[in-house]
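Undergrad: Attaching a single structure in structure tokens format; questions to follow.
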Protein chains: 2
Amino acid sequence: MRPTRNPSRPHRRRTAGRPRSFDRDKVLDGAVEVFWERGYRSTTTRDLEAALGLAPSSIYNTFGSKRELLNAALERYERQVTDRLVTPLETSTDGLAALTEFFTALGRWIVDHRPRGCLLINTTSEDVRVKTVGMERASQYRLRLRRALQRAIKRSVAAGDSYGDHVGSRADLLLGFVLGLNVASRAGASTAELERMVRAVRKQIDDWQLDKSTSRSFTHFRKSP
Amino acid sequence: MRPTRNPSRPHRRRTAGRPRSFDRDKVLDGAVEVFWERGYRSTTTRDLEAALGLAPSSIYNTFGSKRELLNAALERYERQVTDRLVTPLETSTDGLAALTEFFTALGRWIVDHRPRGCLLINTTSEDVRVKTVGMERASQYRLRLRRALQRAIKRSVAAGDSYGDHVGSRADLLLGFVLGLNVASRAGASTAELERMVRAVRKQIDDWQLDKSTSRSFTHFRKSP
DNA sequence: CACAATTTGGAGCGTATGCTCCAAAAACCA
DNA sequence: TGGTTTTTGGAGCATACGCTCCAAATTGTG
């Protein structure tokens with residue numbers, strides 16, 4: 001065991017040294033791209049060196065190991081997804097409309113990044129034996145997203161837009177569908193297929209809405225004996 | 001280039017030779033297990049040799065390469081899933097009841113194999129650059145499953161159990177959810193979480209049912225102005 | 001400028017990995 | 001039984017891979 005510095009938390013410099021020639025966040029963005037396309041296991045350190053334009057010593061000096069670089073990349077990826085998709089859903093005061101907007105934005109995100117799916121999900125899918133940090137991260141992300149979905153449904157109930165029973169179930173349904181969309185993209189679904197799926201979930205959300213003359217609830221009522 | 005025989009289609013023997021000491025299908029079952037747990041990329045040929053109890057020459061003589069072994073394993077895996085889950089759905093004459101049974105069986109399957117998810121989906125998630133046979137296979141499987149789901153919904157419409165609009169959308173919703181369930185398992189969802197998800201989709205299917213006094217459709221009607 | 005501190009380039013180390021090669025083994029057939 | 005064909009065990013090859021090491025470069029400081 002050699003006494004190695006913890007690369008993730010650099011101590012304050014006592015005296016000066018040669019400064020870094022690259023921007024840490026830009027490099028992480030590059031790492032996200034590579035891992036996202038090739039997966040963790042199929043990405044070699046030489047792939048990373050080439051894509052990031054860095055020598056191995058720079059990478060290892062800054063991030064410590066390939067696995068830690070992945071973790072840092074995952075953190076950055078998650079924040080970008082969260083900022084663009086989850087936070088708007090969380091901060092919205094709308095109910096079902098917020099859900100519709102969320103799925104519209106998600107659909108755009110997924111189509112834009114087709115066929116790469118979700119980096120977080122992809123990395124958890126590679127080897128079940130290694131308990132990755134990605135898995136912990138994905139669990140927390142799932143929890144957070146489900147909570148946001150459920151709260152939007154509750155807001156719609158409070159506004160009288162939607163019926164009030166099994167709110168949690170509907171959140172679970174949506175959560176499962178979000179995961180499914182990502183994996184459909186990764187598994188090679190066409191843009192048309194993905195967009196059709198997004199329309200499907202939005203239609204279902206529409207059907208949860210009460211008092212909408214064009215909605216299925218009317219048909220529903222009319223067909224009842 | 002050496003003239004190599006095509007291992008996947010052994011020609012009929014002209015004269016005898018030493019017979020194989022193992023059962024091809026049992027070996028494939030073993031390969032499914034290994035690939036399912038570790039993923040393709042993290043499975044080494046030595047892992048396979050150990051798990052299958054075979055020498056490398058036996059594996060390569062029989063299957064040709066690691067990739068071809070995966071393809072053969074995928075084929076076998078797909079048939080098992082199909083027999084247990086998809087065929088019952090396709091051959092059933094029920095409508096929504098067939099869907100409920102399908103998701104019950106799927107839930108059991110997924111919980112039984114937690115946290116391995118779906119081998120087909122997992123293998124498509126590893127490296128987006130290589131156009132795997134698994135990806136083609138997964139696309140066809142998705143198509144087939146969607147068709148089966150849609151037909152069940154249509155049967156329920158024909159039987160007067162369900163309203164008749166946007167049948168395709170509902171099939172897409174269910175299809176996306178199936179994919180989501182698998183990836184939730186792989187991503188470390190607990191048994192409780194998975195079962196909750198299955199209950200959620202079954203509740204939604206229930207809500208598609210007309211003329212059921214305990215169903216949400218009644219609430220739906222009652223709450224309408 | 002000398003010195004300490006840090007990063008950079010890049011050679012290269014030890015092991016892992018997919019696969020091959022070949023002699024020995026084990027079957028059928030004449 | 002001798003001949004032919006195929007499989008089996010396992011040594012081993014060529015490359016890939018994660019990572020290390022170190023001299024040179026580049027900064028601030030005294």
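A note on labels: chains of the structure tokens are A, B, ... as shown, every chain counts residues from 1, and ligands are counted from 1 in their shown order.
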Show which residues sit within 6 Å of A:Phe177, as a count of residues only. Count only C-alpha atoms (C1' of nucleotides), and ignore same-chain residues fewer than 5 positions away.
TA: 3
Undergrad: As a ChimeraX atom specification, please: all residues of stretch 29-159 of chain A that backbone DSSP puts in helix (DSSP H, G or I).
TA: /A:29-38,45-52,56-63,66-91,96-112,119-124,133-158
Undergrad: Okay, now the selection with C-alpha atoms, as an mmCIF file, in the first residue's frame?
TA:
data_model
loop_
_atom_site.group_PDB
_atom_site.id
_atom_site.type_symbol
_atom_site.label_atom_id
_atom_site.label_comp_id
_atom_site.auth_asym_id
_atom_site.auth_seq_id
_atom_site.Cartn_x
_atom_site.Cartn_y
_atom_site.Cartn_z
ATOM 1 C CA ASP A 29 -18.931 15.363 -20.525
ATOM 2 C CA GLY A 30 -16.664 13.511 -22.908
ATOM 3 C CA ALA A 31 -16.529 10.520 -20.612
ATOM 4 C CA VAL A 32 -20.328 10.491 -20.451
ATOM 5 C CA GLU A 33 -20.455 10.304 -24.225
ATOM 6 C CA VAL A 34 -18.042 7.393 -24.443
ATOM 7 C CA PHE A 35 -19.564 5.377 -21.617
ATOM 8 C CA TRP A 36 -23.045 6.102 -22.895
ATOM 9 C CA GLU A 37 -22.290 4.749 -26.318
ATOM 10 C CA ARG A 38 -20.063 1.803 -25.562
ATOM 11 C CA THR A 45 -8.885 3.273 -21.040
ATOM 12 C CA ARG A 46 -7.333 3.851 -24.456
ATOM 13 C CA ASP A 47 -10.767 4.756 -25.817
ATOM 14 C CA LEU A 48 -11.048 7.318 -23.071
ATOM 15 C CA GLU A 49 -7.571 8.686 -23.653
ATOM 16 C CA ALA A 50 -8.338 9.162 -27.337
ATOM 17 C CA ALA A 51 -11.795 10.662 -26.823
ATOM 18 C CA LEU A 52 -10.732 12.997 -24.050
ATOM 19 C CA PRO A 56 -3.397 8.040 -18.937
ATOM 20 C CA SER A 57 -1.460 9.690 -16.154
ATOM 21 C CA SER A 58 -3.686 12.752 -16.367
ATOM 22 C CA ILE A 59 -6.812 10.663 -16.146
ATOM 23 C CA TYR A 60 -5.563 8.577 -13.259
ATOM 24 C CA ASN A 61 -4.137 11.549 -11.463
ATOM 25 C CA THR A 62 -7.471 13.330 -11.644
ATOM 26 C CA PHE A 63 -10.025 10.574 -11.235
ATOM 27 C CA LYS A 66 -11.784 3.862 -14.569
ATOM 28 C CA ARG A 67 -14.563 3.023 -12.135
ATOM 29 C CA GLU A 68 -14.266 6.339 -10.316
ATOM 30 C CA LEU A 69 -14.288 8.151 -13.627
ATOM 31 C CA LEU A 70 -17.551 6.379 -14.408
ATOM 32 C CA ASN A 71 -18.987 7.441 -11.085
ATOM 33 C CA ALA A 72 -18.036 11.042 -11.675
ATOM 34 C CA ALA A 73 -19.517 10.847 -15.177
ATOM 35 C CA LEU A 74 -22.700 9.307 -13.792
ATOM 36 C CA GLU A 75 -23.022 12.120 -11.313
ATOM 37 C CA ARG A 76 -22.728 14.690 -14.036
ATOM 38 C CA TYR A 77 -25.120 12.817 -16.311
ATOM 39 C CA GLU A 78 -27.696 12.515 -13.579
ATOM 40 C CA ARG A 79 -27.628 16.177 -12.840
ATOM 41 C CA GLN A 80 -28.202 17.051 -16.482
ATOM 42 C CA VAL A 81 -31.173 14.703 -16.766
ATOM 43 C CA THR A 82 -32.568 15.921 -13.493
ATOM 44 C CA ASP A 83 -32.273 19.569 -14.429
ATOM 45 C CA ARG A 84 -33.937 19.058 -17.751
ATOM 46 C CA LEU A 85 -36.660 16.576 -16.852
ATOM 47 C CA VAL A 86 -37.262 15.943 -13.174
ATOM 48 C CA THR A 87 -36.916 19.372 -11.642
ATOM 49 C CA PRO A 88 -39.539 20.939 -13.924
ATOM 50 C CA LEU A 89 -41.932 18.195 -12.906
ATOM 51 C CA GLU A 90 -41.132 18.727 -9.248
ATOM 52 C CA THR A 91 -41.484 22.480 -9.288
ATOM 53 C CA LEU A 96 -51.839 16.131 -15.181
ATOM 54 C CA ALA A 97 -50.562 18.902 -17.411
ATOM 55 C CA ALA A 98 -47.195 18.646 -15.680
ATOM 56 C CA LEU A 99 -47.164 14.926 -16.389
ATOM 57 C CA THR A 100 -47.964 15.472 -20.024
ATOM 58 C CA GLU A 101 -45.200 18.009 -20.296
ATOM 59 C CA PHE A 102 -42.799 15.694 -18.543
ATOM 60 C CA PHE A 103 -43.457 12.879 -20.994
ATOM 61 C CA THR A 104 -43.243 15.206 -23.940
ATOM 62 C CA ALA A 105 -39.840 16.396 -22.765
ATOM 63 C CA LEU A 106 -38.764 12.845 -21.971
ATOM 64 C CA GLY A 107 -39.802 11.707 -25.427
ATOM 65 C CA ARG A 108 -37.775 14.453 -26.998
ATOM 66 C CA TRP A 109 -34.775 13.591 -24.829
ATOM 67 C CA ILE A 110 -34.940 9.925 -25.694
ATOM 68 C CA VAL A 111 -35.386 10.464 -29.402
ATOM 69 C CA ASP A 112 -32.558 12.986 -29.394
ATOM 70 C CA LEU A 119 -26.651 5.903 -19.103
ATOM 71 C CA LEU A 120 -27.718 5.205 -15.541
ATOM 72 C CA ILE A 121 -29.852 2.255 -16.546
ATOM 73 C CA ASN A 122 -27.322 0.920 -19.019
ATOM 74 C CA THR A 123 -24.525 0.765 -16.501
ATOM 75 C CA THR A 124 -26.636 -1.131 -13.998
ATOM 76 C CA VAL A 133 -22.401 2.998 -7.276
ATOM 77 C CA GLY A 134 -24.587 3.372 -10.330
ATOM 78 C CA MET A 135 -27.048 0.924 -8.865
ATOM 79 C CA GLU A 136 -27.400 2.915 -5.650
ATOM 80 C CA ARG A 137 -27.713 6.061 -7.698
ATOM 81 C CA ALA A 138 -30.356 4.486 -9.938
ATOM 82 C CA SER A 139 -32.390 3.384 -6.936
ATOM 83 C CA GLN A 140 -32.426 6.851 -5.485
ATOM 84 C CA TYR A 141 -33.273 8.279 -8.855
ATOM 85 C CA ARG A 142 -36.206 5.897 -9.225
ATOM 86 C CA LEU A 143 -37.449 6.881 -5.805
ATOM 87 C CA ARG A 144 -37.194 10.546 -6.573
ATOM 88 C CA LEU A 145 -38.915 10.228 -9.912
ATOM 89 C CA ARG A 146 -41.746 8.164 -8.476
ATOM 90 C CA ARG A 147 -42.289 10.745 -5.767
ATOM 91 C CA ALA A 148 -42.423 13.527 -8.335
ATOM 92 C CA LEU A 149 -44.887 11.590 -10.474
ATOM 93 C CA GLN A 150 -47.079 10.800 -7.497
ATOM 94 C CA ARG A 151 -47.103 14.388 -6.336
ATOM 95 C CA ALA A 152 -48.202 15.569 -9.748
ATOM 96 C CA ILE A 153 -51.064 13.095 -9.648
ATOM 97 C CA LYS A 154 -51.979 14.287 -6.174
ATOM 98 C CA ARG A 155 -51.994 17.863 -7.367
ATOM 99 C CA SER A 156 -54.412 16.919 -10.102
ATOM 100 C CA VAL A 157 -56.650 15.225 -7.546
ATOM 101 C CA ALA A 158 -56.539 18.292 -5.323
#
Undergrad: Should the cut-off be 8 Å, what would the residue list for chain D against chain B look like, counting only C-alpha atoms (C1' of nucleotides), as number ranges by chain?
TA: D: 4-10
Undergrad: For the residues selected in the previous step, produce a file with C-alpha atoms (C1' of nucleotides) as a PDB file, in the first residue's frame.
TA:
ATOM      1  C1'  DT D   4     -11.277 -43.026 -40.591  1.00  0.00           C
ATOM      2  C1'  DT D   5     -13.523 -39.449 -38.339  1.00  0.00           C
ATOM      3  C1'  DT D   6     -14.631 -36.587 -34.700  1.00  0.00           C
ATOM      4  C1'  DT D   7     -14.114 -34.920 -29.920  1.00  0.00           C
ATOM      5  C1'  DT D   8     -11.321 -33.820 -25.929  1.00  0.00           C
ATOM      6  C1'  DG D   9      -7.763 -31.861 -22.835  1.00  0.00           C
ATOM      7  C1'  DG D  10      -4.755 -28.436 -22.204  1.00  0.00           C
TER       8       DG D  10
END
Undergrad: Distance cut-off 12 Å, counting only C-alpha atoms (C1' of nucleotides) - which residues of chain C neighbour chain B? Return them as a list in words.
TA: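 Going by the stated atoms only, the list reads DA16, DT17, DG18, DC19, DT20, DC21, DC22, DA25, DA26, DA27, DC28, DC29 and DA30 of chain C.
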Undergrad: Could you tell me which residues of chain B sit within 8 Å of chain A when counting only C-alpha atoms, and give me the result as a PyMOL selection string?
TA: chain B and resi 37-39+41-42+115-116+121-122+124-129+135+138-139+163+169-170+172-173+175-181+183-184+186-189+196-197+199-201+203-204+210-211+217+219-221+223-225
Undergrad: Quick one: distance from atom C1' of D:DG18 to atom C1' of C:DA11 in Å, one decimal?
TA: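 One can read the atom C1' of D:DG18 to atom C1' of C:DA11 distance as 15.2 Å.
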Undergrad: Suppose you want the space between atom C1' of C:DG12 and atom C1' of D:DA14; what is it in Å?
TA: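 Interatomic distance, atom C1' of C:DG12 to atom C1' of D:DA14: 17.0 Å.
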Undergrad: Rounded to one decimal, what separation in Å do you get between atom C1' of D:DG28 and atom C1' of C:DC3?
TA: 10.6 Å
